[in-house]
Amino acid sequence: WIDLLRILSLSITTPEQMIEKAKGETAYLPCKFTLSPEDQGPLDIEWLISPADNQKVDQVIILYSGDKIYDDYYPDLKGRVHFTSNDLKSGDASINVTNLQLSDIGTYQCKVKKAPGVANKKIQLVVLVKPSGTRCYVDGSEEIGSDFKLKCEPKEGSLPLQYEWQKLSDSQKMPTSWLAEMTLSVISVKNASSEYSGTYSCTVRNRVGSDQCLLRLNVVPPSNKAGLIAGAIIGTLLALVLIGLIIFCCHKKRREEKYEKEVHHDIREDVPPPKSRTSTARSYIGSNHSSLGSMSPSNMEGYSKTQYNQVPSEDFERTPQSPTLPPAKVAAPNLSRMGAIPVMIPAQSKDGSIV
């Protein structure tokens, strides 16, 4: 009876499974169920996620209840999760998760309830990153007899990654010494020869996609290193000489400018300052006044009044000489009035004796 009840009750026919999809793609998570005649209650469908980091509790991502759909429970999947069927009562509760991200990795659980029947199934979703941005290049000097490496590096891609090298030009035959490394990301080349020249491809694969890059290898004879070194030394010496000439010219120019400034300064110090016009005029007038002081009023008429106006012109820089005045003649009575004291001056004869 128990087995019969299980057969007749609600059940999910989709088996538990693991689904792998590439980042950015759409993941289809199936959930098909059947109902029994005894299941008469309302139909409820619920999808939950258990994040891969195990630090978050189970979260409802979409719900069907009372003939309505609710899909705004989980912020990380908002707008990216949808039921695939328009009639969920038909027995299809599958969902699509669009634009997959690495954060979508986890275990998804489908629960179907229709009283008294209840059933659930789990699906593990793995999101992988396709190889992309693959770069091929030569690490080392591409010269005959030298050692270098051929490298193939994808910018991103989920592990594990598989590599495959191929030669596309000439005989399309890979060197025998490289065969052991044809499935590695790096091929080590020893004692290179011109036969290694050609175009190579590297294909990177993982479980969700692949990417490819091309490499052109051109093995050439060794360059004249001695000539390059000599050229570098000569170029360095010429640069040093040019720098020295520039410094010498700048120093010489500065010395000439300094000398010109010093000579100009010395010439200006040798030039005497201009004489004061005011002091010249005052000395001239003062000398005239001293001459006039020795004259009596009666003799003042003989002195021209214009003499007072003979102030040196502004155009002359030398000190003007006092005009020569005629000897003043003062009468004896006037001398007495002026307080003069008579003095006897002895006369002297021609032979020098006093008279």
# chains A, B, ... in the order shown; residues from 1 in each chain; ligands from 1
>>> residues_around(residues="Ile49 (chain A)", least_positions_apart="6", cutoff="9 Å", atoms="only C-alpha atoms", output="count of residues only")
10
>>> select_by_dssp(residues="region 14-186 of chain A", states="strand (DSSP E or B)", output="PyMOL selection string")
chain A and resi 17-22+27-29+32-34+43-51+59-65+68-70+81-83+92+95-97+106-114+117-128+132+135-139+143+148-153+156+162-167+186
>>> write_last_selection(atoms="C-alpha atoms", output="short mmCIF file (atom, residue, chain, number, x, y, z; two decimals), in the first residue's frame")
data_model
loop_
_atom_site.label_atom_id
_atom_site.label_comp_id
_atom_site.auth_asym_id
_atom_site.auth_seq_id
_atom_site.Cartn_x
_atom_site.Cartn_y
_atom_site.Cartn_z
CA GLN A 17 21.71 16.48 -12.03
CA MET A 18 24.58 18.93 -12.51
CA ILE A 19 24.45 21.53 -15.27
CA GLU A 20 27.52 23.38 -16.60
CA LYS A 21 27.13 26.60 -18.55
CA ALA A 22 29.37 29.44 -19.68
CA ALA A 27 20.80 27.96 -18.03
CA TYR A 28 17.69 25.78 -18.34
CA LEU A 29 16.79 24.13 -15.01
CA LYS A 32 8.62 18.24 -14.46
CA PHE A 33 5.98 16.84 -12.10
CA THR A 34 2.84 14.69 -12.10
CA LEU A 43 -0.84 24.35 -6.42
CA ASP A 44 2.31 26.04 -5.00
CA ILE A 45 5.69 26.00 -6.78
CA GLU A 46 8.84 27.32 -5.16
CA TRP A 47 12.46 27.55 -6.37
CA LEU A 48 15.27 28.10 -3.86
CA ILE A 49 19.06 28.58 -4.15
CA SER A 50 21.77 27.42 -1.78
CA PRO A 51 24.81 29.64 -2.65
CA GLN A 59 16.89 31.98 -0.59
CA VAL A 60 13.60 31.91 -2.52
CA ILE A 61 14.25 33.13 -6.10
CA ILE A 62 10.78 32.64 -7.69
CA LEU A 63 7.36 31.56 -6.41
CA TYR A 64 4.02 30.52 -7.88
CA SER A 65 1.05 30.68 -5.50
CA LYS A 68 0.32 34.47 -9.36
CA ILE A 69 4.09 34.60 -9.98
CA TYR A 70 6.47 36.38 -7.60
CA VAL A 81 14.84 34.16 -13.66
CA HIS A 82 11.57 33.11 -15.37
CA PHE A 83 9.25 30.11 -15.64
CA ASP A 92 6.10 21.95 -15.99
CA ILE A 95 12.92 27.87 -15.13
CA ASN A 96 15.50 29.76 -17.18
CA VAL A 97 18.33 31.76 -15.59
CA GLY A 106 25.07 26.95 -6.35
CA THR A 107 22.45 24.29 -5.72
CA TYR A 108 18.91 25.03 -6.91
CA GLN A 109 15.89 23.22 -5.42
CA CYS A 110 12.43 22.85 -6.99
CA LYS A 111 9.50 22.31 -4.58
CA VAL A 112 6.00 21.46 -5.70
CA LYS A 113 3.05 21.36 -3.25
CA LYS A 114 -0.53 20.32 -3.89
CA GLY A 117 1.17 15.82 -2.15
CA VAL A 118 4.67 17.39 -1.71
CA ALA A 119 7.85 16.76 -3.78
CA ASN A 120 11.26 18.37 -4.41
CA LYS A 121 14.40 17.90 -6.52
CA LYS A 122 17.88 19.51 -6.49
CA ILE A 123 19.98 20.66 -9.44
CA GLN A 124 23.59 21.82 -9.18
CA LEU A 125 24.52 24.73 -11.46
CA VAL A 126 28.17 25.39 -12.37
CA VAL A 127 29.07 28.58 -14.24
CA LEU A 128 32.37 28.50 -16.14
CA SER A 132 39.17 34.59 -24.21
CA ARG A 135 47.81 36.05 -26.58
CA CYS A 136 50.70 34.28 -28.33
CA TYR A 137 54.22 35.73 -28.18
CA VAL A 138 57.94 34.90 -28.21
CA ASP A 139 59.87 35.33 -24.97
CA GLU A 143 68.19 34.38 -33.47
CA PHE A 148 63.62 31.24 -26.34
CA LYS A 149 60.06 30.30 -25.44
CA LEU A 150 56.72 30.29 -27.29
CA LYS A 151 53.96 31.29 -24.89
CA CYS A 152 50.16 31.01 -25.11
CA GLU A 153 48.25 32.91 -22.41
CA GLU A 156 40.53 34.61 -18.69
CA GLN A 162 43.81 22.41 -22.50
CA TYR A 163 46.36 23.69 -25.06
CA GLU A 164 47.12 22.58 -28.59
CA TRP A 165 49.93 23.98 -30.81
CA GLN A 166 49.97 23.64 -34.61
CA LYS A 167 52.22 24.85 -37.42
CA VAL A 186 54.79 27.13 -23.07
#
>>> residues_around(residues="region 140-142 of chain A", least_positions_apart="3", cutoff="9 Å", atoms="only C-alpha atoms", output="ChimeraX atom specification")
/A:145-150,192,217-222
>>> write_last_selection(atoms="N, CA, C and O atoms", output="mmCIF file, in the first residue's frame")
data_model
loop_
_atom_site.group_PDB
_atom_site.id
_atom_site.type_symbol
_atom_site.label_atom_id
_atom_site.label_comp_id
_atom_site.auth_asym_id
_atom_site.auth_seq_id
_atom_site.Cartn_x
_atom_site.Cartn_y
_atom_site.Cartn_z
ATOM 1 N N GLY A 145 70.625 29.745 -33.114
ATOM 2 C CA GLY A 145 71.488 29.281 -32.032
ATOM 3 C C GLY A 145 71.045 29.729 -30.654
ATOM 4 O O GLY A 145 71.609 29.283 -29.649
ATOM 5 N N SER A 146 70.061 30.607 -30.546
ATOM 6 C CA SER A 146 69.621 31.108 -29.243
ATOM 7 C C SER A 146 68.502 30.239 -28.671
ATOM 8 O O SER A 146 67.931 29.383 -29.358
ATOM 9 N N ASP A 147 68.207 30.459 -27.398
ATOM 10 C CA ASP A 147 67.111 29.766 -26.712
ATOM 11 C C ASP A 147 65.997 30.769 -26.418
ATOM 12 O O ASP A 147 66.265 31.897 -25.966
ATOM 13 N N PHE A 148 64.763 30.377 -26.663
ATOM 14 C CA PHE A 148 63.622 31.244 -26.343
ATOM 15 C C PHE A 148 62.399 30.375 -26.085
ATOM 16 O O PHE A 148 62.459 29.135 -26.187
ATOM 17 N N LYS A 149 61.285 31.020 -25.764
ATOM 18 C CA LYS A 149 60.055 30.303 -25.436
ATOM 19 C C LYS A 149 58.887 30.846 -26.250
ATOM 20 O O LYS A 149 58.779 32.059 -26.463
ATOM 21 N N LEU A 150 57.999 29.931 -26.669
ATOM 22 C CA LEU A 150 56.723 30.290 -27.290
ATOM 23 C C LEU A 150 55.658 30.169 -26.216
ATOM 24 O O LEU A 150 55.486 29.098 -25.615
ATOM 25 N N ALA A 192 67.921 27.354 -31.545
ATOM 26 C CA ALA A 192 66.984 27.589 -32.642
ATOM 27 C C ALA A 192 67.685 27.596 -33.998
ATOM 28 O O ALA A 192 68.838 28.019 -34.123
ATOM 29 N N LEU A 217 56.787 33.326 -36.222
ATOM 30 C CA LEU A 217 58.158 33.139 -35.753
ATOM 31 C C LEU A 217 59.114 33.321 -36.926
ATOM 32 O O LEU A 217 58.966 32.680 -37.968
ATOM 33 N N ASN A 218 60.115 34.181 -36.732
ATOM 34 C CA ASN A 218 61.101 34.467 -37.776
ATOM 35 C C ASN A 218 62.493 34.383 -37.169
ATOM 36 O O ASN A 218 62.974 35.327 -36.532
ATOM 37 N N VAL A 219 63.138 33.228 -37.329
ATOM 38 C CA VAL A 219 64.474 33.008 -36.773
ATOM 39 C C VAL A 219 65.503 33.559 -37.753
ATOM 40 O O VAL A 219 65.582 33.121 -38.907
ATOM 41 N N VAL A 220 66.309 34.535 -37.304
ATOM 42 C CA VAL A 220 67.259 35.257 -38.167
ATOM 43 C C VAL A 220 68.685 35.056 -37.655
ATOM 44 O O VAL A 220 68.900 34.662 -36.505
ATOM 45 N N PRO A 221 69.696 35.344 -38.518
ATOM 46 C CA PRO A 221 71.097 35.248 -38.068
ATOM 47 C C PRO A 221 71.364 36.250 -36.948
ATOM 48 O O PRO A 221 70.700 37.289 -36.847
ATOM 49 N N PRO A 222 72.368 35.946 -36.122
ATOM 50 C CA PRO A 222 72.687 36.857 -35.008
ATOM 51 C C PRO A 222 73.079 38.232 -35.527
ATOM 52 O O PRO A 222 73.735 38.373 -36.557
#
